[in-house]
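Source file work04.txt; content: compact mmCIF, C-alpha atoms and all ligand atoms.
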# COMPACT_ATOMS: atom_id res chain seq x y z
CA MET A 1 3.24 110.67 37.15
CA LYS A 2 4.10 107.01 37.73
CA ALA A 3 2.72 105.42 40.89
CA CYS A 4 2.59 101.99 42.41
CA VAL A 5 -1.00 100.77 42.65
CA ILE A 6 -2.19 97.65 44.43
CA THR A 7 -4.99 96.81 42.04
CA ALA A 8 -6.14 93.54 43.59
CA GLU A 9 -4.97 90.89 46.02
CA ARG A 10 -1.23 90.28 45.38
CA SER A 11 -1.32 92.43 42.26
CA VAL A 12 1.01 95.43 42.11
CA GLU A 13 1.24 97.59 39.00
CA ILE A 14 3.05 100.76 38.04
CA LEU A 15 0.43 103.00 36.45
CA GLU A 16 0.33 106.49 35.01
CA VAL A 17 -1.87 108.52 37.39
CA PRO A 18 -2.68 112.25 37.64
CA ASP A 19 0.01 114.40 39.28
CA PRO A 20 -0.94 115.15 42.89
CA VAL A 21 -2.34 118.54 43.85
CA LEU A 22 -1.78 120.50 47.07
CA LEU A 23 -3.86 119.29 50.00
CA GLY A 24 -4.84 122.74 51.17
CA PRO A 25 -2.85 125.97 51.51
CA ALA A 26 -0.57 124.47 54.19
CA GLY A 27 0.34 121.50 52.01
CA ALA A 28 3.41 120.71 49.97
CA ILE A 29 4.35 118.41 47.09
CA VAL A 30 7.44 116.26 47.56
CA ARG A 31 9.43 114.67 44.74
CA VAL A 32 10.10 111.22 46.15
CA GLU A 33 13.75 110.18 46.40
CA ALA A 34 13.33 106.96 48.40
CA THR A 35 10.32 105.13 49.79
CA GLY A 36 10.10 101.98 51.87
CA ILE A 37 7.91 98.92 51.64
CA CYS A 38 6.45 98.19 55.08
CA GLY A 39 4.77 95.22 56.71
CA SER A 40 1.68 97.45 56.78
CA ASP A 41 1.72 97.45 52.97
CA LEU A 42 1.54 93.66 53.08
CA HIS A 43 -1.87 93.83 54.80
CA LEU A 44 -3.07 95.76 51.72
CA TYR A 45 -1.23 93.37 49.40
CA TYR A 46 -3.15 90.51 51.00
CA GLY A 47 -6.35 92.17 49.84
CA ALA A 48 -7.50 94.65 52.50
CA LEU A 49 -8.27 97.16 49.72
CA PRO A 50 -10.93 99.74 48.97
CA PRO A 51 -12.72 99.29 45.62
CA GLY A 52 -10.52 100.49 42.77
CA GLY A 53 -7.30 99.65 44.60
CA LEU A 54 -4.89 101.83 46.47
CA HIS A 55 -1.72 103.90 45.95
CA PRO A 56 0.41 102.65 48.85
CA GLY A 57 3.55 104.09 50.45
CA HIS A 58 3.88 105.88 53.76
CA GLU A 59 7.66 105.96 54.23
CA VAL A 60 8.95 108.84 52.13
CA VAL A 61 12.07 110.97 51.86
CA GLY A 62 12.27 113.53 49.08
CA THR A 63 12.59 117.13 48.00
CA ILE A 64 9.88 119.76 48.21
CA VAL A 65 8.90 121.00 44.75
CA GLU A 66 5.83 123.08 45.62
CA VAL A 67 4.43 124.69 48.77
CA GLY A 68 1.03 126.18 49.48
CA PRO A 69 0.71 129.85 50.51
CA ALA A 70 0.24 129.02 54.20
CA VAL A 71 3.47 127.00 54.52
CA ARG A 72 5.84 128.95 56.79
CA GLU A 73 8.79 126.73 57.68
CA ARG A 74 9.47 124.71 54.54
CA GLN A 75 10.57 125.79 51.13
CA VAL A 76 10.95 124.52 47.61
CA GLY A 77 14.22 122.65 47.23
CA GLU A 78 14.34 121.46 50.85
CA ARG A 79 15.03 117.77 51.45
CA VAL A 80 12.57 116.35 53.96
CA LEU A 81 11.31 113.19 55.55
CA VAL A 82 7.57 112.79 55.87
CA SER A 83 5.56 111.41 58.80
CA ALA A 84 3.75 108.22 57.76
CA VAL A 85 0.76 109.39 59.78
CA VAL A 86 -0.98 112.74 59.49
CA GLY A 87 -4.02 114.49 60.94
CA CYS A 88 -6.00 117.65 60.23
CA GLY A 89 -2.96 119.83 60.80
CA THR A 90 -4.86 122.52 62.71
CA CYS A 91 -5.97 121.02 66.05
CA PRO A 92 -3.82 121.29 69.19
CA SER A 93 -2.80 117.61 68.98
CA CYS A 94 -1.56 117.90 65.40
CA ARG A 95 0.24 121.10 66.32
CA ARG A 96 2.20 119.30 69.02
CA GLY A 97 3.16 116.49 66.65
CA ASP A 98 0.55 113.99 67.80
CA PRO A 99 -1.79 113.24 64.90
CA ILE A 100 -2.90 110.08 66.73
CA ALA A 101 -4.98 112.26 69.05
CA CYS A 102 -6.37 114.41 66.20
CA PRO A 103 -10.16 114.56 66.60
CA ASN A 104 -10.75 115.93 63.10
CA GLY A 105 -10.59 112.82 60.95
CA GLY A 106 -7.11 111.80 62.09
CA PRO A 107 -5.03 109.83 62.33
CA VAL A 108 -4.58 108.61 58.80
CA ALA A 109 -1.56 106.93 57.24
CA PHE A 110 -0.65 107.74 53.63
CA GLY A 111 -1.75 105.12 51.15
CA THR A 112 -3.56 102.81 53.52
CA THR A 113 -7.22 103.79 53.30
CA GLY A 114 -7.83 105.55 50.01
CA GLN A 115 -8.34 108.88 51.81
CA ILE A 116 -4.84 110.08 51.05
CA ASP A 117 -2.60 108.64 48.34
CA GLY A 118 0.73 107.11 49.23
CA GLY A 119 4.29 107.85 48.25
CA GLN A 120 5.41 104.79 46.28
CA ALA A 121 5.20 107.18 43.37
CA GLU A 122 7.15 109.99 41.76
CA PHE A 123 5.46 112.63 43.91
CA LEU A 124 3.61 112.77 47.23
CA SER A 125 1.19 115.46 48.36
CA VAL A 126 1.57 116.17 52.11
CA PRO A 127 -0.98 118.16 54.15
CA ALA A 128 0.23 120.66 56.77
CA ALA A 129 3.83 120.34 55.65
CA ASP A 130 5.23 122.44 58.51
CA LEU A 131 3.97 119.80 60.94
CA PHE A 132 4.25 116.54 59.04
CA THR A 133 7.64 116.93 57.38
CA MET A 134 11.06 117.56 58.85
CA PRO A 135 14.19 118.67 56.99
CA VAL A 136 16.52 115.66 56.76
CA PRO A 137 18.98 116.39 59.57
CA GLU A 138 22.67 116.90 58.84
CA GLY A 139 24.49 113.57 59.20
CA ILE A 140 21.37 111.42 58.82
CA GLY A 141 21.62 109.22 55.70
CA VAL A 142 18.69 108.44 53.45
CA GLU A 143 18.20 104.99 54.95
CA SER A 144 17.95 106.27 58.53
CA ALA A 145 15.73 109.09 57.28
CA VAL A 146 13.28 106.55 55.84
CA LEU A 147 13.31 104.63 59.13
CA LEU A 148 12.39 107.84 60.97
CA THR A 149 9.24 108.25 58.87
CA ASP A 150 7.55 105.22 60.43
CA ILE A 151 9.18 102.09 61.76
CA LEU A 152 11.76 103.54 64.12
CA PRO A 153 9.16 105.65 65.98
CA THR A 154 6.91 102.55 65.93
CA GLY A 155 9.53 100.20 67.34
CA PHE A 156 10.42 102.79 69.94
CA LEU A 157 6.78 103.10 70.91
CA GLY A 158 6.69 99.34 71.43
CA ALA A 159 9.59 99.55 73.86
CA GLN A 160 8.10 102.59 75.61
CA MET A 161 4.68 101.00 76.03
CA ALA A 162 6.35 97.84 77.38
CA ALA A 163 7.69 100.05 80.23
CA ILE A 164 10.83 97.92 80.61
CA GLU A 165 12.69 98.30 83.92
CA PRO A 166 16.44 97.59 84.14
CA GLY A 167 17.09 93.88 84.61
CA GLU A 168 13.71 92.74 83.35
CA THR A 169 13.09 90.12 80.68
CA VAL A 170 11.43 90.98 77.39
CA ALA A 171 10.11 88.94 74.46
CA ILE A 172 9.60 90.50 71.05
CA PHE A 173 7.31 88.69 68.61
CA GLY A 174 8.30 89.36 64.99
CA MET A 175 11.83 90.19 63.87
CA GLY A 176 10.79 92.05 60.76
CA PRO A 177 11.96 95.64 60.38
CA VAL A 178 9.52 96.86 63.06
CA GLY A 179 10.53 94.16 65.53
CA ILE A 180 14.21 94.92 65.00
CA MET A 181 13.54 98.62 65.68
CA ALA A 182 11.75 97.56 68.87
CA LEU A 183 14.74 95.41 69.79
CA ALA A 184 17.18 98.27 69.26
CA ALA A 185 14.96 100.54 71.39
CA ALA A 186 14.32 97.94 74.09
CA ARG A 187 18.08 97.53 74.66
CA LEU A 188 18.26 101.15 75.81
CA TYR A 189 16.06 100.32 78.80
CA GLY A 190 18.61 97.85 80.24
CA PRO A 191 16.73 94.54 80.23
CA SER A 192 18.67 91.46 81.36
CA ARG A 193 17.36 89.33 78.48
CA ILE A 194 15.57 89.93 75.21
CA LEU A 195 14.00 86.89 73.58
CA ALA A 196 13.50 87.45 69.86
CA VAL A 197 10.77 85.33 68.28
CA ASP A 198 10.44 84.67 64.54
CA MET A 199 10.88 81.74 62.19
CA VAL A 200 13.04 83.24 59.44
CA PRO A 201 16.64 82.11 60.11
CA GLU A 202 18.32 85.31 58.86
CA ARG A 203 15.97 87.43 60.95
CA LEU A 204 16.72 85.40 64.07
CA ALA A 205 20.44 85.68 63.29
CA ARG A 206 20.10 89.44 62.92
CA ALA A 207 18.43 89.62 66.34
CA ALA A 208 21.13 87.43 67.87
CA ALA A 209 23.80 89.73 66.46
CA MET A 210 22.06 92.55 68.34
CA GLY A 211 22.32 90.68 71.63
CA ALA A 212 18.93 88.94 71.73
CA GLU A 213 18.31 85.22 72.30
CA PRO A 214 16.58 83.79 69.23
CA ILE A 215 13.43 81.72 69.69
CA ASP A 216 12.23 79.78 66.65
CA ALA A 217 8.44 80.06 66.31
CA THR A 218 8.19 77.43 63.57
CA GLY A 219 5.13 75.25 64.08
CA GLY A 220 3.41 77.84 66.26
CA LEU A 221 5.83 77.26 69.13
CA GLY A 222 6.83 80.88 69.80
CA ALA A 223 5.14 81.32 73.18
CA LEU A 224 6.21 77.86 74.29
CA GLY A 225 9.80 78.73 73.40
CA VAL A 226 9.62 81.85 75.55
CA LEU A 227 8.14 79.91 78.45
CA GLU A 228 10.82 77.23 78.15
CA ALA A 229 13.58 79.82 78.04
CA THR A 230 12.23 81.42 81.23
CA LYS A 231 11.70 78.09 83.06
CA GLY A 232 7.95 78.56 82.87
CA ARG A 233 7.93 81.98 84.55
CA GLY A 234 7.29 84.00 81.43
CA VAL A 235 8.78 87.39 80.63
CA ASP A 236 8.04 90.71 82.30
CA ALA A 237 7.03 92.36 79.05
CA ALA A 238 6.22 91.31 75.49
CA ILE A 239 6.22 93.45 72.36
CA GLU A 240 4.03 92.27 69.50
CA ALA A 241 5.36 93.33 66.08
CA VAL A 242 3.56 90.96 63.70
CA GLY A 243 -0.17 91.68 63.89
CA LEU A 244 -1.46 88.12 63.55
CA ARG A 245 -4.11 86.70 65.85
CA GLU A 246 -1.66 83.92 66.87
CA THR A 247 1.14 86.29 67.80
CA VAL A 248 -1.13 88.54 69.88
CA THR A 249 -2.24 85.45 71.76
CA ASP A 250 1.38 84.26 72.01
CA ALA A 251 2.46 87.62 73.43
CA ILE A 252 -0.27 87.41 76.06
CA SER A 253 0.65 83.78 76.91
CA SER A 254 4.36 84.53 77.18
CA VAL A 255 4.25 87.07 80.02
CA GLY A 256 4.23 86.23 83.71
CA PRO A 257 2.05 87.75 86.45
CA ARG A 258 1.58 91.52 86.06
CA GLY A 259 3.13 91.23 82.61
CA ARG A 260 2.83 94.04 80.10
CA ILE A 261 1.99 93.51 76.45
CA ALA A 262 2.75 96.28 73.99
CA MET A 263 1.27 95.79 70.55
CA VAL A 264 2.54 97.70 67.53
CA GLY A 265 1.69 95.06 64.95
CA VAL A 266 -1.47 96.01 63.07
CA ASN A 267 -4.53 93.82 63.61
CA LEU A 268 -7.86 95.48 62.93
CA GLU A 269 -10.16 92.57 63.81
CA MET A 270 -13.25 93.74 65.67
CA ASP A 271 -14.11 90.26 67.00
CA PHE A 272 -10.72 89.36 68.40
CA PRO A 273 -11.01 86.54 70.97
CA PHE A 274 -9.21 88.31 73.81
CA PRO A 275 -8.19 85.86 76.56
CA MET A 276 -10.00 87.56 79.42
CA ALA A 277 -9.21 84.83 81.93
CA SER A 278 -5.45 85.21 81.42
CA ALA A 279 -5.75 88.97 81.61
CA PHE A 280 -7.70 88.73 84.84
CA PHE A 281 -5.79 86.04 86.68
CA LYS A 282 -2.35 87.26 85.59
CA ALA A 283 -3.24 90.97 86.15
CA LEU A 284 -1.95 91.90 82.71
CA SER A 285 -1.67 95.27 81.01
CA PHE A 286 -2.28 95.42 77.27
CA ARG A 287 -1.54 98.48 75.17
CA ALA A 288 -1.78 98.92 71.42
CA ALA A 289 -1.12 102.02 69.37
CA PHE A 290 0.43 103.54 66.35
CA ALA A 291 3.13 106.10 66.76
CA ALA A 292 2.75 109.88 67.05
CA ILE A 293 5.62 110.15 64.63
CA PRO A 294 6.44 113.88 64.43
CA SER A 295 6.54 114.13 68.22
CA THR A 296 9.29 111.47 68.35
CA TRP A 297 11.77 113.10 65.97
CA ALA A 298 13.38 115.47 68.47
CA ASN A 299 14.27 112.51 70.71
CA LEU A 300 15.13 109.94 68.06
CA VAL A 301 17.38 111.99 65.76
CA PRO A 302 20.12 112.50 68.41
CA LEU A 303 19.94 108.81 69.37
CA VAL A 304 20.45 107.77 65.74
CA ASP A 305 23.03 110.45 65.02
CA SER A 306 25.17 109.51 68.03
CA GLY A 307 24.95 105.78 67.29
CA ILE A 308 23.39 105.15 70.75
CA LEU A 309 20.48 103.64 68.87
CA ASP A 310 22.31 101.01 66.84
CA LEU A 311 20.03 99.84 64.04
CA GLY A 312 22.46 97.73 62.00
CA ASP A 313 22.13 97.55 58.21
CA VAL A 314 18.39 97.46 57.85
CA VAL A 315 18.04 98.20 54.14
CA THR A 316 18.96 95.07 52.19
CA HIS A 317 17.51 95.94 48.78
CA ARG A 318 17.31 99.17 46.76
CA MET A 319 15.16 98.71 43.69
CA GLY A 320 13.50 100.88 41.08
CA LEU A 321 9.83 101.81 41.45
CA SER A 322 9.39 99.98 38.15
CA GLU A 323 10.36 96.78 40.01
CA ALA A 324 7.71 97.26 42.70
CA ALA A 325 5.81 94.09 41.83
CA ALA A 326 8.94 91.98 42.27
CA ALA A 327 9.86 93.90 45.41
CA TYR A 328 6.48 93.22 47.03
CA GLU A 329 6.63 89.59 46.08
CA MET A 330 10.10 89.19 47.57
CA PHE A 331 9.24 91.10 50.76
CA ASP A 332 6.15 88.95 51.20
CA ARG A 333 8.07 85.67 50.74
CA ARG A 334 10.92 86.91 52.98
CA ALA A 335 13.14 85.57 50.22
CA ASP A 336 16.74 86.49 49.35
CA GLY A 337 17.52 87.61 52.90
CA VAL A 338 15.21 90.56 52.29
CA PHE A 339 14.67 92.92 55.17
CA LYS A 340 13.88 96.53 54.31
CA VAL A 341 13.35 97.42 50.65
CA LEU A 342 13.67 100.98 49.36
CA LEU A 343 12.18 101.96 46.02
CA ASP A 344 13.69 104.69 43.83
CA PRO A 345 11.05 106.41 41.64
CA THR A 346 13.67 107.56 39.10
CA ARG A 347 14.27 103.93 38.12
N1 LIG B 1 1.87 100.63 64.87
C1 LIG B 1 2.37 101.23 63.79
O1 LIG B 1 2.34 102.45 63.68
C2 LIG B 1 3.01 100.39 62.71
C3 LIG B 1 3.91 100.95 61.82
C4 LIG B 1 4.55 100.13 60.89
C5 LIG B 1 4.25 98.78 60.85
N2 LIG B 1 3.34 98.27 61.73
C6 LIG B 1 3.00 96.83 61.74
O2 LIG B 1 4.07 96.10 62.31
C7 LIG B 1 4.00 94.75 61.83
C8 LIG B 1 5.37 94.31 61.35
O3 LIG B 1 5.83 95.11 60.27
P1 LIG B 1 7.18 94.73 59.51
O4 LIG B 1 7.44 95.78 58.51
O5 LIG B 1 8.24 94.39 60.48
O6 LIG B 1 6.64 93.42 58.72
P2 LIG B 1 7.25 92.00 58.33
O7 LIG B 1 6.13 91.32 57.65
O8 LIG B 1 8.54 92.18 57.64
O9 LIG B 1 7.57 91.32 59.73
C9 LIG B 1 6.73 90.43 60.38
C10 LIG B 1 7.61 89.33 60.98
O10 LIG B 1 6.80 88.49 61.78
C11 LIG B 1 7.25 87.17 61.61
N3 LIG B 1 6.21 86.23 62.02
C12 LIG B 1 5.15 85.78 61.31
N4 LIG B 1 4.44 84.90 62.03
C13 LIG B 1 5.08 84.78 63.22
C14 LIG B 1 4.83 84.00 64.40
N5 LIG B 1 3.79 83.17 64.47
N6 LIG B 1 5.68 84.15 65.44
C15 LIG B 1 6.73 84.99 65.37
N7 LIG B 1 7.02 85.75 64.29
C16 LIG B 1 6.20 85.64 63.23
C17 LIG B 1 7.61 87.10 60.15
O11 LIG B 1 8.48 86.02 59.85
C18 LIG B 1 8.27 88.46 59.93
O12 LIG B 1 9.66 88.42 60.13
C19 LIG B 1 2.90 94.74 60.75
O13 LIG B 1 1.69 94.29 61.33
C20 LIG B 1 2.77 96.20 60.41
O14 LIG B 1 1.49 96.51 59.90
C21 LIG B 1 2.75 99.05 62.66
ZN ZN B 2 4.82 101.35 57.88
ZN ZN B 3 -5.65 117.41 63.98
Take the structure from the file and write it as structure tokens.
Ligand SMILES: NC(=O)c1ccc[n+]([C@@H]2O[C@H](COP(=O)([O-])OP(=O)(O)OC[C@H]3O[C@@H](n4cnc5c(N)ncnc54)[C@H](O)[C@@H]3O)[C@@H](O)[C@H]2O)c1
Ligand SMILES: [Zn+2]
Ligand SMILES: [Zn+2]
Amino acid sequence: MKACVITAERSVEILEVPDPVLLGPAGAIVRVEATGICGSDLHLYYGALPPGGLHPGHEVVGTIVEVGPAVRERQVGERVLVSAVVGCGTCPSCRRGDPIACPNGGPVAFGTTGQIDGGQAEFLSVPAADLFTMPVPEGIGVESAVLLTDILPTGFLGAQMAAIEPGETVAIFGMGPVGIMALAAARLYGPSRILAVDMVPERLARAAAMGAEPIDATGGLGALGVLEATKGRGVDAAIEAVGLRETVTDAISSVGPRGRIAMVGVNLEMDFPFPMASAFFKALSFRAAFAAIPSTWANLVPLVDSGILDLGDVVTHRMGLSEAAAAYEMFDRRADGVFKVLLDPTR
């Protein structure tokens, strides 16, 4: 089959690779219909790669073409969305939709570590398909279905971990697709103000159209902008949706006493210079996590379906898998008003 492979730093190729095989008797093979490019793929694009490169792609909607003998609830021909994150598929945590707490080698995201190939390809092999796929619900379009595979649960987790009380003030660092999902989710908690921090004009405008106050972070002034906008008090909660060292520090600097910081941006540094003095003297809470995606679907689908969770038009570009190199390059440069890109493996 054809698959996107990040072969080296900033080098994306479409290569002929072996067709995937079932990952155990509970696995399934999905023919990919649409797959997103995520900010997490950019970390790989910037060179965080195992030797030999990586087949990325963890946001997949498609049709089941093969099931293992132990699959009970899915069948060939069914259209499904796939959780970006999976676990062993047998432990109690996996069975309740929480692969993050899987003690048996989980959690692992498709196409990020080399352990399990990703879905920017014609086919994706999914372990424990009963747990880690869901039939695309009636009334949910392909674009929303892709958002449910990863970034909507992630943005929602950001808002949940921020524990926003009605009337509070919130800052969100990063108005990429994940930050916008966090913004949409944060609104449901009834904050009085949401300050949206980024430096890309269209992204700030998108946030403003969703009721947030844009703060331009150009020149490293994001936290200062939040402090100015709150007359030096800082916000009650900050959501970090970038993953850079600067934005983690900005999120910590931008909250007031007893502030909460919820980090969903990915930063895997082991020697991160955590500002202990701020944490101590301001009595801060800091949480970071990735989302237990399957466990969120039952709550998120009705919110999307009813329009209560208003996501706006998130997908700006639909391109062929054959154009993946150009798509990555554009998503990285944040050019052409790009926001979410979906790849179609038939093109
Ligand atoms: N926790 C999870 O499970 C999970 C899931 C998906 C993505 N992520 C992570 O979320 C992050 C965002 O993903 P995305 O798809 O939205 O990516 P993205 O690259 O499109 O968005 C990042 C945004 O941050 C902005 N930014 C950069 N520097 C900034 C600064 N100093 N101040 C303010 N904004 C700044 C960029 O302009 C961009 O709009 C990534 O780190 C990604 O790995 C986490
Ligand atoms: Zn992702
Ligand atoms: Zn498990």
Requested in this report: Measure the distance from CA of Ser11 in chain A to CA of Asp344 in chain A in Å and round it to one decimal.
Outcome: 19.4 Å
Query raised in the report: Between A:Asp98, A:Glu246, A:Glu138, A:Asp271, which one has atoms that come closest to ligand ZN 3 (chain B), using only C-alpha atoms and all ligand atoms?
Result: A:Asp98
Requested in this report: Return the single residue from A:Gly139, A:Gly219, A:Pro153, A:Pro294 that is closest to ligand ZN 2 (chain B), with distances computed using all atoms listed in the file.
Outcome: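 For ligand ZN 2 (chain B), the nearest of the candidates is A:Pro153.
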Report task. Could you check which of A:Val142, A:Val264, A:Val12, A:Val301 is closest to Thr63 in chain A, using all atoms listed in the file? Result -> A:Val142
Residues within 9 Å of range 227-237 of chain A, please, as an mmCIF file with C-alpha atoms, in the coordinates of the input. Count only C-alpha atoms; anything in the same chain fewer than 3 positions from it doesn't count.
data_model
loop_
_atom_site.group_PDB
_atom_site.id
_atom_site.type_symbol
_atom_site.label_atom_id
_atom_site.label_comp_id
_atom_site.auth_asym_id
_atom_site.auth_seq_id
_atom_site.Cartn_x
_atom_site.Cartn_y
_atom_site.Cartn_z
ATOM 1 C CA ALA A 162 6.350 97.840 77.380
ATOM 2 C CA ALA A 163 7.690 100.050 80.230
ATOM 3 C CA ILE A 164 10.830 97.920 80.610
ATOM 4 C CA GLU A 168 13.710 92.740 83.350
ATOM 5 C CA THR A 169 13.090 90.120 80.680
ATOM 6 C CA VAL A 170 11.430 90.980 77.390
ATOM 7 C CA ALA A 171 10.110 88.940 74.460
ATOM 8 C CA ILE A 172 9.600 90.500 71.050
ATOM 9 C CA LEU A 195 14.000 86.890 73.580
ATOM 10 C CA ILE A 215 13.430 81.720 69.690
ATOM 11 C CA GLY A 222 6.830 80.880 69.800
ATOM 12 C CA ALA A 223 5.140 81.320 73.180
ATOM 13 C CA LEU A 224 6.210 77.860 74.290
ATOM 14 C CA ALA A 251 2.460 87.620 73.430
ATOM 15 C CA SER A 253 0.650 83.780 76.910
ATOM 16 C CA SER A 254 4.360 84.530 77.180
ATOM 17 C CA VAL A 255 4.250 87.070 80.020
ATOM 18 C CA GLY A 256 4.230 86.230 83.710
ATOM 19 C CA PRO A 257 2.050 87.750 86.450
ATOM 20 C CA ARG A 258 1.580 91.520 86.060
ATOM 21 C CA GLY A 259 3.130 91.230 82.610
ATOM 22 C CA ARG A 260 2.830 94.040 80.100
ATOM 23 C CA ILE A 261 1.990 93.510 76.450
ATOM 24 C CA ALA A 262 2.750 96.280 73.990
#
Query raised in the report: Counting all atoms listed in the file, which protein, DNA or RNA residues come within 12 Å of ligand ZN 3 (chain B), given as a list of chain:residue names?
Result: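 Checking all atoms listed in the file against ligand ZN 3 (chain B) at 12 Å gives A:Val85, A:Val86, A:Gly87, A:Cys88, A:Gly89, A:Thr90, A:Cys91, A:Pro92, A:Ser93, A:Cys94, A:Arg95, A:Arg96, A:Gly97, A:Asp98, A:Pro99, A:Ile100, A:Ala101, A:Cys102, A:Pro103, A:Asn104, A:Gly105, A:Gly106, A:Pro107, A:Val108, A:Pro127, A:Ala128, A:Leu131, A:Phe132, A:Ala292.
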Requested in this report: Step by step, measure atom-to-atom distances between ligand LIG 1 (chain B) and each residue using all atoms listed in the file, keep those at most 8 Å, then write them as a PyMOL selection string.
Outcome: chain A and resi 37-43+150-151+153-155+173-180+197-200+203+216-218+220-222+241-244+246-247+250+263-267+288-291+331-332+334+339-340
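The shortest atom-to-atom distance to Val315 in chain A, with only C-alpha atoms taken into account, belongs to A:Leu343 out of A:Leu23, A:Leu300, A:Leu343, A:Met270.
Among the candidates A:Asn299, A:Ser278, A:Thr133, A:Thr316, the one nearest to Leu342 in chain A when counting all atoms listed in the file is A:Thr316.
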**Report entry** Within 10 Å of Ala325 in chain A using only C-alpha atoms, minus same-chain residues under 3 positions, as a list in words
**Finding:**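 What passes the distance filter is Cys4, Val5, Ile6, Arg10, Ser11, Val12, Glu13, Ile14, Leu321, Ser322, Tyr328, Glu329 and Met330 of chain A.
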Take the residues from that selection and put them in a file with C-alpha atoms, as a PDB file, keeping the file's coordinate frame.
ATOM      1  CA  CYS A   4       2.590 101.990  42.410  1.00  0.00           C
ATOM      2  CA  VAL A   5      -1.000 100.770  42.650  1.00  0.00           C
ATOM      3  CA  ILE A   6      -2.190  97.650  44.430  1.00  0.00           C
ATOM      4  CA  ARG A  10      -1.230  90.280  45.380  1.00  0.00           C
ATOM      5  CA  SER A  11      -1.320  92.430  42.260  1.00  0.00           C
ATOM      6  CA  VAL A  12       1.010  95.430  42.110  1.00  0.00           C
ATOM      7  CA  GLU A  13       1.240  97.590  39.000  1.00  0.00           C
ATOM      8  CA  ILE A  14       3.050 100.760  38.040  1.00  0.00           C
ATOM      9  CA  LEU A 321       9.830 101.810  41.450  1.00  0.00           C
ATOM     10  CA  SER A 322       9.390  99.980  38.150  1.00  0.00           C
ATOM     11  CA  TYR A 328       6.480  93.220  47.030  1.00  0.00           C
ATOM     12  CA  GLU A 329       6.630  89.590  46.080  1.00  0.00           C
ATOM     13  CA  MET A 330      10.100  89.190  47.570  1.00  0.00           C
TER      14      MET A 330
END
**Report entry** Between CA of Gly190 in chain A and CA of Leu284 in chain A, distance in Å (one decimal)
**Finding:**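 Distance reported for this atom pair: 21.5 Å.
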Query - Test item: residues at most 9 Å from range 26-28 of chain A, all atoms listed in the file, excluding those fewer than 3 positions along its chain, as a VMD selection string - result: chain A and resid 21 to 23 64 to 72 74 to 76 89 124 to 130
Report task. Provide the CA of Gly53 in chain A to CA of Glu269 in chain A distance in Å, to one decimal place. Result ->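 CA of Glu269 in chain A lies at a distance of 20.7 Å from CA of Gly53 in chain A.
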Report task. For range 208-211 of chain A, work out the shell of residues within 9 Å, counting only C-alpha atoms and skipping chain neighbours fewer than 6 positions away, then give it as a list in words. Result ->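 Result of the neighbour search: Ile180, Leu183, Ala184, Arg187, Arg193, Ile194, Ala196, Asp310, Leu311 and Gly312 of chain A.
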**Report entry** Shortest interatomic distance to ligand ZN 2 (chain B) - which of A:Met276, A:Ala324, A:Leu303, A:Ile293, counting all atoms listed in the file
**Finding:**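 Closest to ligand ZN 2 (chain B) of all the choices is A:Ile293.
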Enclosing box along x, y and z for every listed atom of range 280-291 of chain A, padded 5 Å each side, centre and size in Å, one decimal, as lines of an AutoDock Vina configuration file:
center_x = -2.3
center_y = 96.1
center_z = 76.5
size_x = 20.8
size_y = 30.1
size_z = 30.3
